[in-house]
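Structure data follow from protein09.txt (compact mmCIF, C-alpha atoms):
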# COMPACT_ATOMS: atom_id res chain seq x y z
CA PHE A 1 9.85 -24.52 29.45
CA ARG A 2 11.20 -22.06 26.89
CA ASP A 3 8.29 -19.68 27.54
CA GLU A 4 9.09 -19.67 31.26
CA VAL A 5 12.73 -18.86 30.59
CA ILE A 6 11.77 -15.95 28.33
CA LYS A 7 9.26 -14.69 30.90
CA SER A 8 12.03 -14.62 33.49
CA PHE A 9 13.64 -11.78 31.53
CA TYR A 10 10.52 -9.62 31.79
CA GLY A 11 11.05 -6.56 33.93
CA HIS A 12 14.85 -6.76 33.68
CA VAL A 13 15.60 -6.05 30.01
CA ARG A 14 16.99 -2.52 30.39
CA LYS A 15 19.36 -3.69 33.13
CA LEU A 16 20.45 -6.85 31.33
CA VAL A 17 21.23 -5.14 28.03
CA ARG A 18 23.86 -3.01 29.81
CA HIS A 19 25.56 -6.06 31.37
CA LYS A 20 28.44 -7.45 29.31
CA GLU A 21 27.67 -11.16 29.75
CA ALA A 22 23.92 -10.97 30.33
CA ALA A 23 23.44 -8.99 27.10
CA HIS A 24 24.67 -11.98 25.07
CA VAL A 25 22.11 -14.25 26.73
CA LEU A 26 19.35 -11.69 26.20
CA GLU A 27 20.30 -11.35 22.54
CA GLU A 28 20.21 -15.13 22.02
CA CYS A 29 16.78 -15.24 23.60
CA PHE A 30 15.46 -12.32 21.53
CA ALA A 31 16.99 -13.18 18.15
CA VAL A 32 16.74 -16.98 18.15
CA TYR A 33 14.01 -18.27 20.44
CA ALA A 34 11.37 -15.57 21.04
CA ASN A 35 8.24 -15.37 18.86
CA SER A 36 6.91 -12.03 17.63
CA LYS A 37 4.82 -11.36 20.75
CA GLN A 38 7.65 -12.28 23.10
CA LYS A 39 10.04 -10.07 21.12
CA TRP A 40 7.63 -7.17 21.57
CA ASN A 41 7.32 -7.83 25.32
CA LEU A 42 11.11 -7.75 25.62
CA VAL A 43 11.85 -4.69 23.50
CA ALA A 44 8.81 -2.78 24.81
CA GLU A 45 10.55 -2.35 28.16
CA PHE A 46 12.74 0.23 26.45
CA TYR A 47 9.62 2.38 26.03
CA GLY A 48 8.81 2.88 29.71
CA ARG A 49 8.00 1.28 33.03
CA GLU A 50 4.38 0.73 32.05
CA PHE A 51 5.48 -1.72 29.37
CA ALA A 52 7.83 -3.50 31.73
CA VAL A 53 5.09 -4.17 34.28
CA PHE A 54 2.00 -4.85 32.18
CA LYS A 55 2.27 -7.62 29.58
CA SER A 56 -0.81 -8.00 27.42
CA ILE A 57 -1.43 -11.24 25.55
CA ASP A 58 -3.62 -9.70 22.85
CA GLY A 59 -2.17 -6.20 22.89
CA PRO A 60 -0.11 -4.38 20.23
CA LYS A 61 3.13 -5.88 18.94
CA SER A 62 4.89 -2.71 17.79
CA LEU A 63 5.40 0.90 18.80
CA ASP A 64 3.49 1.92 15.66
CA ALA A 65 0.42 0.07 16.97
CA VAL A 66 0.77 1.59 20.43
CA LEU A 67 1.02 5.17 19.17
CA ALA A 68 -1.79 4.63 16.67
CA THR A 69 -4.22 3.91 19.52
CA THR A 70 -2.63 6.00 22.30
CA PRO A 71 -0.61 8.85 20.73
CA GLN A 72 -0.32 10.53 24.13
CA LYS A 73 2.27 7.90 25.09
CA ARG A 74 4.73 9.11 22.46
CA GLU A 75 6.61 11.60 24.65
CA THR A 76 6.99 9.10 27.50
CA ALA A 77 8.15 6.37 25.14
CA MET A 78 10.70 8.64 23.46
CA ASP A 79 12.11 9.84 26.79
CA SER A 80 12.50 6.27 27.97
CA LEU A 81 14.05 5.17 24.68
CA LYS A 82 16.51 8.03 24.82
CA SER A 83 17.59 7.19 28.36
CA THR A 84 18.22 3.59 27.28
CA VAL A 85 19.80 4.17 23.89
CA THR A 86 22.14 7.04 24.80
CA PRO A 87 24.34 5.08 27.28
CA LEU A 88 24.58 2.19 24.81
CA LEU A 89 25.74 4.53 22.05
CA GLU A 90 28.26 6.19 24.36
CA LYS A 91 29.71 2.77 25.26
CA GLY A 92 29.54 1.58 21.64
CA THR A 93 27.51 -1.52 22.57
CA VAL A 94 25.13 -1.54 19.62
CA GLN A 95 25.78 -4.97 18.15
CA TYR A 96 22.61 -6.61 19.50
CA SER A 97 19.46 -6.95 17.40
CA ILE A 98 17.21 -5.97 20.33
CA VAL A 99 19.10 -2.67 20.45
CA HIS A 100 18.69 -2.27 16.69
CA ARG A 101 14.92 -2.44 17.11
CA ALA A 102 15.07 0.28 19.75
CA LEU A 103 17.35 2.46 17.62
CA LEU A 104 15.05 2.08 14.63
CA ASP A 105 11.98 3.13 16.59
CA TYR A 106 13.80 6.09 18.13
CA ILE A 107 15.03 7.40 14.77
CA ARG A 108 11.56 6.96 13.26
CA PHE A 109 9.58 8.71 16.00
CA ALA A 110 11.98 11.17 17.67
CA ASP A 111 11.78 14.92 17.09
CA PRO A 112 14.13 16.17 14.35
CA SER A 113 16.61 17.75 16.77
CA GLU A 114 16.79 14.63 18.95
CA ARG A 115 17.08 12.41 15.89
CA GLN A 116 19.98 14.49 14.61
CA GLN A 117 21.79 14.18 17.95
CA VAL A 118 21.51 10.39 17.83
CA ILE A 119 22.71 10.25 14.22
CA GLU A 120 25.74 12.39 15.06
CA THR A 121 26.53 10.09 17.99
CA MET A 122 26.19 6.86 16.04
CA ARG A 123 27.58 7.78 12.62
CA GLU A 124 30.86 5.98 13.40
CA LEU A 125 28.92 3.01 14.81
CA VAL A 126 26.42 2.47 11.99
CA VAL A 127 28.72 -0.11 10.42
CA GLU A 128 28.08 -2.36 13.46
CA ILE A 129 24.31 -2.59 12.99
CA LEU A 130 24.03 -3.56 9.32
CA HIS A 131 23.69 -7.32 9.83
CA THR A 132 20.03 -7.33 10.94
CA ARG A 133 16.83 -6.17 9.22
CA ASP A 134 16.09 -3.53 11.88
CA GLY A 135 19.71 -2.40 12.03
CA ALA A 136 19.96 -1.98 8.27
CA HIS A 137 16.65 -0.07 8.25
CA ALA A 138 17.95 2.21 11.01
CA ALA A 139 21.18 2.78 9.07
CA MET A 140 19.21 3.66 5.93
CA LEU A 141 17.32 6.28 7.92
CA CYS A 142 20.59 7.64 9.32
CA LEU A 143 21.84 8.18 5.77
CA LEU A 144 18.54 9.69 4.73
CA TYR A 145 18.20 12.14 7.63
CA GLY A 146 21.92 12.74 8.21
CA SER A 147 23.79 15.88 7.26
CA VAL A 148 26.46 15.89 4.54
CA LYS A 149 29.07 15.46 7.25
CA ASP A 150 27.17 12.53 8.79
CA ARG A 151 26.82 10.77 5.45
CA LYS A 152 30.49 11.12 4.59
CA ALA A 153 31.51 9.82 8.03
CA MET A 154 29.26 6.78 7.62
CA LEU A 155 30.59 5.89 4.16
CA LYS A 156 34.17 6.26 5.37
CA ALA A 157 33.38 3.89 8.23
CA PHE A 158 31.98 1.37 5.71
CA LYS A 159 35.07 1.39 3.50
CA PRO A 160 37.23 -1.25 5.30
CA TYR A 161 34.28 -3.67 5.32
CA LEU A 162 32.77 -2.85 1.95
CA GLN A 163 32.81 -6.29 0.34
CA ARG A 164 31.30 -7.87 3.43
CA ILE A 165 28.56 -5.21 3.55
CA CYS A 166 27.78 -5.66 -0.16
CA CYS A 167 27.33 -9.40 0.33
CA GLU A 168 25.23 -9.29 3.52
CA GLU A 169 21.55 -10.13 3.39
CA TYR A 170 20.58 -6.78 4.89
CA GLY A 171 23.77 -4.72 4.64
CA TYR A 172 23.61 -4.29 0.87
CA ALA A 173 20.37 -2.29 1.27
CA VAL A 174 22.22 0.41 3.20
CA LEU A 175 24.59 0.93 0.29
CA VAL A 176 21.60 1.02 -2.03
CA GLU A 177 20.15 3.83 0.11
CA ALA A 178 23.47 5.70 -0.11
CA LEU A 179 23.45 5.40 -3.90
CA ASP A 180 19.81 6.50 -3.96
CA CYS A 181 19.97 9.61 -1.77
CA ILE A 182 23.48 11.14 -1.72
CA ASP A 183 23.90 13.96 -4.22
CA ASP A 184 27.71 14.10 -4.19
CA THR A 185 28.30 11.31 -6.67
CA VAL A 186 32.02 12.07 -6.91
CA PHE A 187 32.39 11.30 -3.21
CA VAL A 188 30.18 8.20 -3.54
CA ASN A 189 32.47 7.01 -6.31
CA LYS A 190 35.57 7.47 -4.17
CA ALA A 191 34.05 5.98 -1.03
CA VAL A 192 32.09 3.09 -2.55
CA LEU A 193 32.07 2.58 -6.31
CA GLN A 194 35.82 2.49 -6.93
CA ASP A 195 36.07 -0.47 -4.55
CA VAL A 196 32.93 -2.03 -6.06
CA CYS A 197 34.55 -1.86 -9.50
CA GLY A 198 37.68 -3.50 -8.11
CA MET A 199 35.72 -6.56 -6.97
CA MET A 200 33.13 -6.68 -9.77
CA SER A 201 33.59 -10.38 -10.54
CA GLU A 202 33.15 -11.38 -6.90
CA LEU A 203 30.08 -9.19 -6.44
CA LEU A 204 28.29 -10.29 -9.61
CA ALA A 205 28.77 -13.92 -8.52
CA ASP A 206 27.16 -13.26 -5.12
CA GLN A 207 23.44 -13.41 -4.39
CA TYR A 208 23.45 -10.06 -2.59
CA GLY A 209 26.64 -8.45 -3.86
CA ARG A 210 25.30 -8.33 -7.43
CA ARG A 211 22.53 -6.02 -6.26
CA ILE A 212 24.87 -3.04 -5.84
CA PRO A 213 26.13 -2.69 -9.45
CA LEU A 214 22.76 -3.80 -10.84
CA PHE A 215 20.98 -1.13 -8.79
CA VAL A 216 23.26 1.48 -10.35
CA LEU A 217 22.23 0.36 -13.85
CA GLY A 218 18.70 -0.94 -13.34
CA GLY A 219 17.36 1.10 -10.43
CA ARG A 220 14.57 -0.16 -8.17
CA ASN A 221 14.01 -3.37 -10.09
CA PRO A 222 12.40 -6.09 -7.91
CA HIS A 223 14.58 -8.66 -9.68
CA TYR A 224 17.67 -6.98 -8.22
CA VAL A 225 16.57 -5.32 -4.96
CA GLY A 226 14.73 -7.21 -2.21
CA SER A 227 11.12 -6.37 -1.38
CA ASP A 228 11.99 -5.14 2.14
CA ALA A 229 14.58 -2.72 0.79
CA LEU A 230 12.26 -1.54 -1.98
CA GLN A 231 9.54 -0.80 0.57
CA VAL A 232 11.93 1.21 2.76
CA LEU A 233 13.16 3.16 -0.29
CA ALA A 234 9.57 3.95 -1.28
CA ASP A 235 8.66 5.00 2.27
CA ASN A 236 11.73 7.24 2.35
CA ASP A 237 10.93 9.12 -0.85
CA LYS A 238 9.06 11.93 0.92
CA VAL A 239 12.04 12.62 3.16
CA LYS A 240 14.45 12.21 0.25
CA ALA A 241 12.57 14.94 -1.61
CA LEU A 242 13.56 17.32 1.22
CA THR A 243 17.12 16.13 1.87
CA SER A 244 18.35 15.39 -1.68
CA LYS A 245 18.31 18.12 -4.33
CA LYS A 246 19.77 16.39 -7.40
CA ASP A 247 17.39 14.95 -10.00
CA ALA A 248 17.27 11.16 -9.63
CA SER A 249 17.92 10.47 -13.33
CA VAL A 250 20.95 12.78 -13.30
CA ARG A 251 22.31 11.05 -10.20
CA ARG A 252 21.88 7.63 -11.79
CA LYS A 253 23.50 8.73 -15.04
CA GLU A 254 26.55 9.99 -13.13
CA LEU A 255 26.81 6.80 -11.08
CA THR A 256 26.43 4.64 -14.20
CA ALA A 257 29.36 6.45 -15.81
CA PHE A 258 31.57 5.47 -12.87
CA VAL A 259 30.85 1.71 -13.05
CA SER A 260 30.41 1.23 -16.80
CA ASP A 261 34.02 0.47 -17.77
CA SER A 262 34.38 -2.19 -15.09
CA MET A 263 31.04 -3.79 -15.93
CA THR A 264 31.64 -3.86 -19.70
CA GLU A 265 35.06 -5.46 -19.10
CA TRP A 266 33.35 -8.13 -16.99
CA ALA A 267 30.75 -8.69 -19.70
CA ALA A 268 33.37 -9.02 -22.43
CA ALA A 269 35.17 -11.69 -20.42
CA ASN A 270 32.13 -13.59 -19.14
CA THR A 271 29.13 -13.19 -21.46
CA THR A 272 29.70 -16.47 -23.33
CA LYS A 273 28.89 -18.44 -20.16
CA ALA A 274 27.03 -15.88 -18.07
CA ILE A 275 24.20 -15.41 -20.57
CA PHE A 276 23.03 -18.99 -19.89
CA ASP A 277 23.04 -18.60 -16.08
CA PRO A 278 19.87 -17.12 -14.45
CA LEU A 279 21.50 -14.48 -12.23
CA PRO A 280 24.59 -13.50 -14.28
CA SER A 281 22.42 -13.23 -17.41
CA GLN A 282 20.58 -10.35 -15.75
CA ALA A 283 23.90 -8.54 -15.39
CA VAL A 284 24.67 -9.16 -19.08
CA ASN A 285 21.23 -7.79 -19.99
CA GLU A 286 21.61 -4.56 -17.97
CA ILE A 287 25.17 -3.97 -19.15
CA LEU A 288 24.28 -4.34 -22.82
CA LEU A 289 21.28 -2.04 -22.47
CA ARG A 290 22.36 0.61 -19.96
CA ALA A 291 26.13 0.76 -19.45
CA HIS A 292 27.93 3.69 -21.04
CA GLY A 293 30.79 3.46 -23.49
CA ASP A 294 31.95 0.78 -25.92
CA LYS A 295 30.08 -2.50 -25.44
CA SER A 296 31.07 -3.99 -28.78
CA ALA A 297 33.30 -6.70 -27.27
CA ALA A 298 30.51 -8.04 -25.05
CA TRP A 299 27.91 -7.75 -27.82
CA GLN A 300 30.20 -9.56 -30.24
CA ARG A 301 30.26 -12.51 -27.83
CA VAL A 302 26.46 -12.64 -28.11
CA LEU A 303 26.55 -12.46 -31.91
CA ASP A 304 29.11 -15.28 -32.00
CA LEU A 305 26.63 -17.41 -30.06
CA VAL A 306 23.80 -16.38 -32.40
CA ARG A 307 25.79 -17.64 -35.42
CA MET A 308 26.18 -21.15 -33.99
CA ASP A 309 24.31 -24.09 -35.50
CA VAL A 310 20.75 -24.20 -34.12
CA ALA A 311 20.06 -27.80 -35.15
CA GLN A 312 23.27 -29.03 -33.55
CA LEU A 313 22.92 -27.19 -30.21
CA GLY A 314 19.14 -27.40 -29.84
CA ALA A 315 17.98 -26.12 -26.43
CA ASP A 316 21.55 -25.02 -25.65
CA HIS A 317 21.55 -22.43 -28.45
CA VAL A 318 21.44 -18.82 -27.29
CA LEU A 319 18.19 -18.23 -29.22
CA ILE A 320 16.48 -21.30 -27.76
CA SER A 321 17.73 -21.41 -24.17
CA PRO A 322 14.92 -19.98 -21.97
CA ILE A 323 17.43 -17.91 -20.03
CA ALA A 324 19.70 -16.68 -22.81
CA ASN A 325 16.98 -15.98 -25.38
CA ARG A 326 15.40 -13.50 -22.99
CA VAL A 327 18.56 -11.37 -23.08
CA VAL A 328 18.68 -11.42 -26.89
CA THR A 329 14.97 -10.63 -27.12
CA ASN A 330 15.30 -7.69 -24.72
CA CYS A 331 18.14 -6.28 -26.80
CA ILE A 332 16.12 -6.60 -30.02
CA LEU A 333 13.19 -4.79 -28.41
CA ALA A 334 15.48 -2.07 -27.05
CA GLU A 335 16.50 -1.05 -30.57
CA HIS A 336 13.05 0.44 -31.16
CA SER A 337 11.34 0.87 -27.78
CA VAL A 338 12.10 1.86 -24.19
CA PRO A 339 12.43 -1.21 -21.92
CA LYS A 340 9.71 -1.56 -19.32
CA SER A 341 10.90 -0.73 -15.82
CA ALA A 342 9.48 -0.32 -12.35
CA ASP A 343 11.82 2.66 -11.84
CA SER A 344 10.70 5.83 -13.61
CA THR A 345 13.98 7.61 -12.78
CA LEU A 346 16.07 5.53 -15.18
CA PRO A 347 17.64 7.70 -17.88
CA ALA A 348 17.21 6.98 -21.59
CA LEU A 349 19.33 4.20 -23.09
CA PRO A 350 22.71 5.38 -24.41
CA GLU A 351 22.60 6.54 -28.03
CA SER A 352 25.87 4.68 -28.60
CA ASN A 353 24.20 1.27 -28.07
CA PRO A 354 24.69 -1.25 -30.88
CA LYS A 355 21.86 -1.70 -33.40
CA PHE A 356 20.85 -4.86 -31.59
CA GLY A 357 18.03 -6.21 -33.76
CA SER A 358 19.63 -5.34 -37.08
CA GLU A 359 22.90 -6.99 -36.08
CA VAL A 360 21.17 -10.14 -34.80
CA LEU A 361 19.32 -10.47 -38.10
CA ASP A 362 22.56 -9.92 -40.05
CA ALA A 363 24.30 -12.60 -37.97
CA LEU A 364 21.48 -15.08 -38.59
CA VAL A 365 21.46 -14.40 -42.33
CA ASP A 366 25.26 -14.61 -42.66
CA SER A 367 25.34 -17.93 -40.77
CA GLU A 368 22.21 -19.26 -42.52
CA GLN A 369 20.54 -19.84 -39.15
CA LEU A 370 17.42 -17.68 -39.52
CA VAL A 371 15.20 -20.44 -40.90
CA PRO A 372 16.49 -23.12 -38.46
CA ALA A 373 15.87 -20.67 -35.61
CA ALA A 374 12.31 -20.03 -36.79
CA CYS A 375 11.70 -23.76 -37.17
CA ALA A 376 12.99 -24.23 -33.62
CA GLY A 377 10.46 -21.73 -32.27
CA ALA A 378 13.00 -19.12 -31.14
CA PHE A 379 11.39 -16.16 -29.35
CA PRO A 380 14.00 -13.69 -30.70
CA VAL A 381 12.79 -14.53 -34.22
CA ARG A 382 9.32 -13.36 -33.25
CA ALA A 383 10.87 -10.16 -31.83
CA LEU A 384 12.69 -9.59 -35.15
CA LEU A 385 9.44 -10.03 -37.07
CA GLU A 386 7.55 -7.60 -34.82
CA SER A 387 10.26 -4.94 -34.81
CA PRO A 388 9.60 -1.86 -36.95
CA VAL A 389 13.34 -1.87 -37.71
CA THR A 390 13.83 -5.47 -38.86
CA GLY A 391 10.27 -6.71 -39.40
CA GLU A 392 9.88 -6.26 -43.16
CA ARG A 393 13.25 -7.74 -44.00
CA ALA A 394 12.71 -10.72 -41.67
CA LYS A 395 9.29 -11.40 -43.20
CA GLN A 396 10.71 -11.39 -46.72
CA LEU A 397 13.40 -13.85 -45.71
CA LEU A 398 11.04 -16.24 -43.89
CA ARG A 399 7.90 -16.24 -46.04
CA PRO A 400 9.36 -18.68 -48.60
CA HIS A 401 9.88 -21.13 -45.70
CA LYS A 402 6.40 -20.82 -44.18
CA SER A 403 5.50 -24.41 -45.09
CA SER A 404 8.60 -25.71 -43.28
CA ILE A 405 7.60 -23.85 -40.11
CA GLU A 406 4.04 -25.23 -40.41
CA ALA A 407 5.38 -28.78 -40.75
CA VAL A 408 7.48 -28.41 -37.62
CA MET A 409 4.53 -26.93 -35.71
CA LYS A 410 2.39 -30.01 -36.40
CA GLU A 411 4.91 -32.18 -34.55
CA ALA A 412 5.63 -29.67 -31.75
CA SER A 413 4.18 -30.10 -28.27
CA LYS A 414 4.15 -26.33 -27.67
CA LYS A 415 2.60 -24.56 -30.65
CA ARG A 416 2.00 -20.98 -29.46
CA ILE A 417 5.33 -19.53 -30.55
CA PHE A 418 4.99 -21.14 -33.99
CA GLU A 419 1.45 -19.79 -34.31
CA ALA A 420 2.71 -16.32 -33.41
CA ILE A 421 5.48 -16.47 -36.03
CA LEU A 422 3.11 -17.78 -38.71
CA ASN A 423 0.46 -15.16 -37.92
CA ILE A 424 3.02 -12.41 -38.53
CA LEU A 425 4.12 -14.01 -41.79
If you convert what's in this file into structure tokens, what do you get?
Amino acid sequence: FRDEVIKSFYGHVRKLVRHKEAAHVLEECFAVYANSKQKWNLVAEFYGREFAVFKSIDGPKSLDAVLATTPQKRETAMDSLKSTVTPLLEKGTVQYSIVHRALLDYIRFADPSERQQVIETMRELVVEILHTRDGAHAAMLCLLYGSVKDRKAMLKAFKPYLQRICCEEYGYAVLVEALDCIDDTVFVNKAVLQDVCGMMSELLADQYGRRIPLFVLGGRNPHYVGSDALQVLADNDKVKALTSKKDASVRRKELTAFVSDSMTEWAAANTTKAIFDPLPSQAVNEILLRAHGDKSAAWQRVLDLVRMDVAQLGADHVLISPIANRVVTNCILAEHSVPKSADSTLPALPESNPKFGSEVLDALVDSEQLVPAACAGAFPVRALLESPVTGERAKQLLRPHKSSIEAVMKEASKKRIFEAILNIL
């Protein structure tokens, strides 16, 4: 029965989308009930009368597929799209996902002059299309292709809704694109980052909101940015090379300077608990490694946890917890080597960073927890032993206790970390 209802829309989509009440029904049908083929049959009517009349069961399901096999249809499809999209933009009725698909295809395939006209028309309306995958993708392209004036108008339109956009499943990616392609970082700070800093605690506690400040520090890291957004960013790099002149590492360094104070304040207040939580611990990690300025307060919270009794806390100790020990290990490694990253544009770590490994070893020695940590199979102990900075000292301190580590290993169910420590000794 549902299929018959959806079929009843065929041939009438362009008319219905302009009707105030009928558009809501069409949107419900398209966004909620239609499968991928039915969605194509509905949206394809925007591309010309031929698509409205002939519905193929096994035919293409996207404009990309159509133009790949019949490129001669491009001009007709663009003319039809323009005649449909333009009245909707003029009326400001762009809130429907079926319209977002049409806008995305038009921006992707239109000639540069026609694309620019659409971007100029919709720059005040972009904020209304960020809640869907296609709408967010279209908005990212508007930022990418838009002029300086267009980009500034779009960011100003975002400002009243910034927290909501940051925390939307798809909306956050548009802000990521803005941070990735706009050269005027001073304006980006005023339009976006100042407000982001003002709600840092709320954003870092949100599944999507956290991705904005973490993108500033950690770049195109798949742990922080969704795969869809990463793919769009990668696809956009060729255009970005033509529309953005500033070196990517310089841009990121400038943006990092704007958010660092707020992020280090958050870390100083929250590290003691956040380091044990999967998502917040990633923020602690990036702040300690990449934020600018004085991070001693946040790092001291970590060292206080390192000094705690390993035998008493067991798996809840910062060196043993599978979540927290990763942060400590990464910091130890960062003292002597560049952290691995999927983003080659990340600048070098700040020279003002603490001497992570050396200070962890000092804290363990002062609190007499180095041997208990080794006997507990702590991964950061292995990192200390392998470090060219702390390795020799750590070996000298642990070699007299090699037999104790061997005794513990015999009773342990997981022996690999003990074997690694003993092999180094």
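If you look at CA of Met122 (chain A) and CA of Ile98 (chain A), they are 16.2 Å away from each other.
Distances from A:Ser36, A:Ser244, A:Ser227, A:Ser321 to Asp184 (chain A) were compared using all atoms listed in the file, and the smallest one belongs to A:Ser244.
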Problem - Proximity to Leu217 (chain A) - best of A:Cys166, A:Leu89, A:Leu422, A:Ala348, only C-alpha atoms - result: A:Ala348
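In terms of minimum interatomic distance to Phe379 (chain A), A:Asn330 ranks closest within A:Thr93, A:Asn330, A:Ser341, A:Thr132, counting all atoms listed in the file.
With distances restricted to all atoms listed in the file, A:Pro372 is the closest residue to Leu319 (chain A) from A:Ala283, A:Asn353, A:Asp261, A:Pro372.
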Missing atoms in region 303-317 of chain A should be modelled up to N, CA, C and O atoms and reported as a compact mmCIF listing (two decimals), in the frame of the given file.
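This went into result-v2.txt:
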# COMPACT_ATOMS: atom_id res chain seq x y z
N LEU A 303 26.73 -12.18 -30.48
CA LEU A 303 26.55 -12.46 -31.91
C LEU A 303 27.26 -13.74 -32.33
O LEU A 303 26.77 -14.49 -33.19
N ASP A 304 28.41 -14.02 -31.71
CA ASP A 304 29.11 -15.28 -32.00
C ASP A 304 28.24 -16.47 -31.61
O ASP A 304 28.22 -17.50 -32.32
N LEU A 305 27.54 -16.34 -30.49
CA LEU A 305 26.63 -17.41 -30.06
C LEU A 305 25.43 -17.52 -30.99
O LEU A 305 24.93 -18.62 -31.27
N VAL A 306 24.94 -16.39 -31.48
CA VAL A 306 23.80 -16.38 -32.40
C VAL A 306 24.15 -17.14 -33.68
O VAL A 306 23.30 -17.86 -34.25
N ARG A 307 25.38 -17.03 -34.16
CA ARG A 307 25.79 -17.64 -35.42
C ARG A 307 25.95 -19.16 -35.33
O ARG A 307 26.08 -19.83 -36.36
N MET A 308 25.97 -19.71 -34.14
CA MET A 308 26.18 -21.15 -33.99
C MET A 308 25.01 -21.95 -34.55
O MET A 308 23.89 -21.45 -34.67
N ASP A 309 25.27 -23.21 -34.85
CA ASP A 309 24.31 -24.09 -35.50
C ASP A 309 23.14 -24.41 -34.56
O ASP A 309 23.33 -25.03 -33.52
N VAL A 310 21.94 -23.98 -34.95
CA VAL A 310 20.75 -24.20 -34.12
C VAL A 310 20.41 -25.68 -34.01
O VAL A 310 20.12 -26.20 -32.94
N ALA A 311 20.44 -26.39 -35.14
CA ALA A 311 20.06 -27.80 -35.15
C ALA A 311 21.01 -28.64 -34.30
O ALA A 311 20.60 -29.58 -33.60
N GLN A 312 22.28 -28.27 -34.30
CA GLN A 312 23.27 -29.03 -33.55
C GLN A 312 23.16 -28.79 -32.05
O GLN A 312 23.24 -29.72 -31.24
N LEU A 313 22.95 -27.54 -31.65
CA LEU A 313 22.92 -27.19 -30.21
C LEU A 313 21.54 -27.37 -29.59
O LEU A 313 21.42 -27.60 -28.38
N GLY A 314 20.49 -27.23 -30.38
CA GLY A 314 19.14 -27.40 -29.84
C GLY A 314 18.84 -26.42 -28.72
O GLY A 314 19.03 -25.21 -28.85
N ALA A 315 18.38 -26.96 -27.57
CA ALA A 315 17.98 -26.12 -26.43
C ALA A 315 19.14 -25.36 -25.82
O ALA A 315 18.93 -24.46 -25.00
N ASP A 316 20.38 -25.71 -26.19
CA ASP A 316 21.55 -25.02 -25.65
C ASP A 316 21.96 -23.82 -26.52
O ASP A 316 22.92 -23.13 -26.18
N HIS A 317 21.25 -23.59 -27.61
CA HIS A 317 21.55 -22.43 -28.45
C HIS A 317 21.05 -21.16 -27.77
O HIS A 317 20.04 -21.17 -27.07
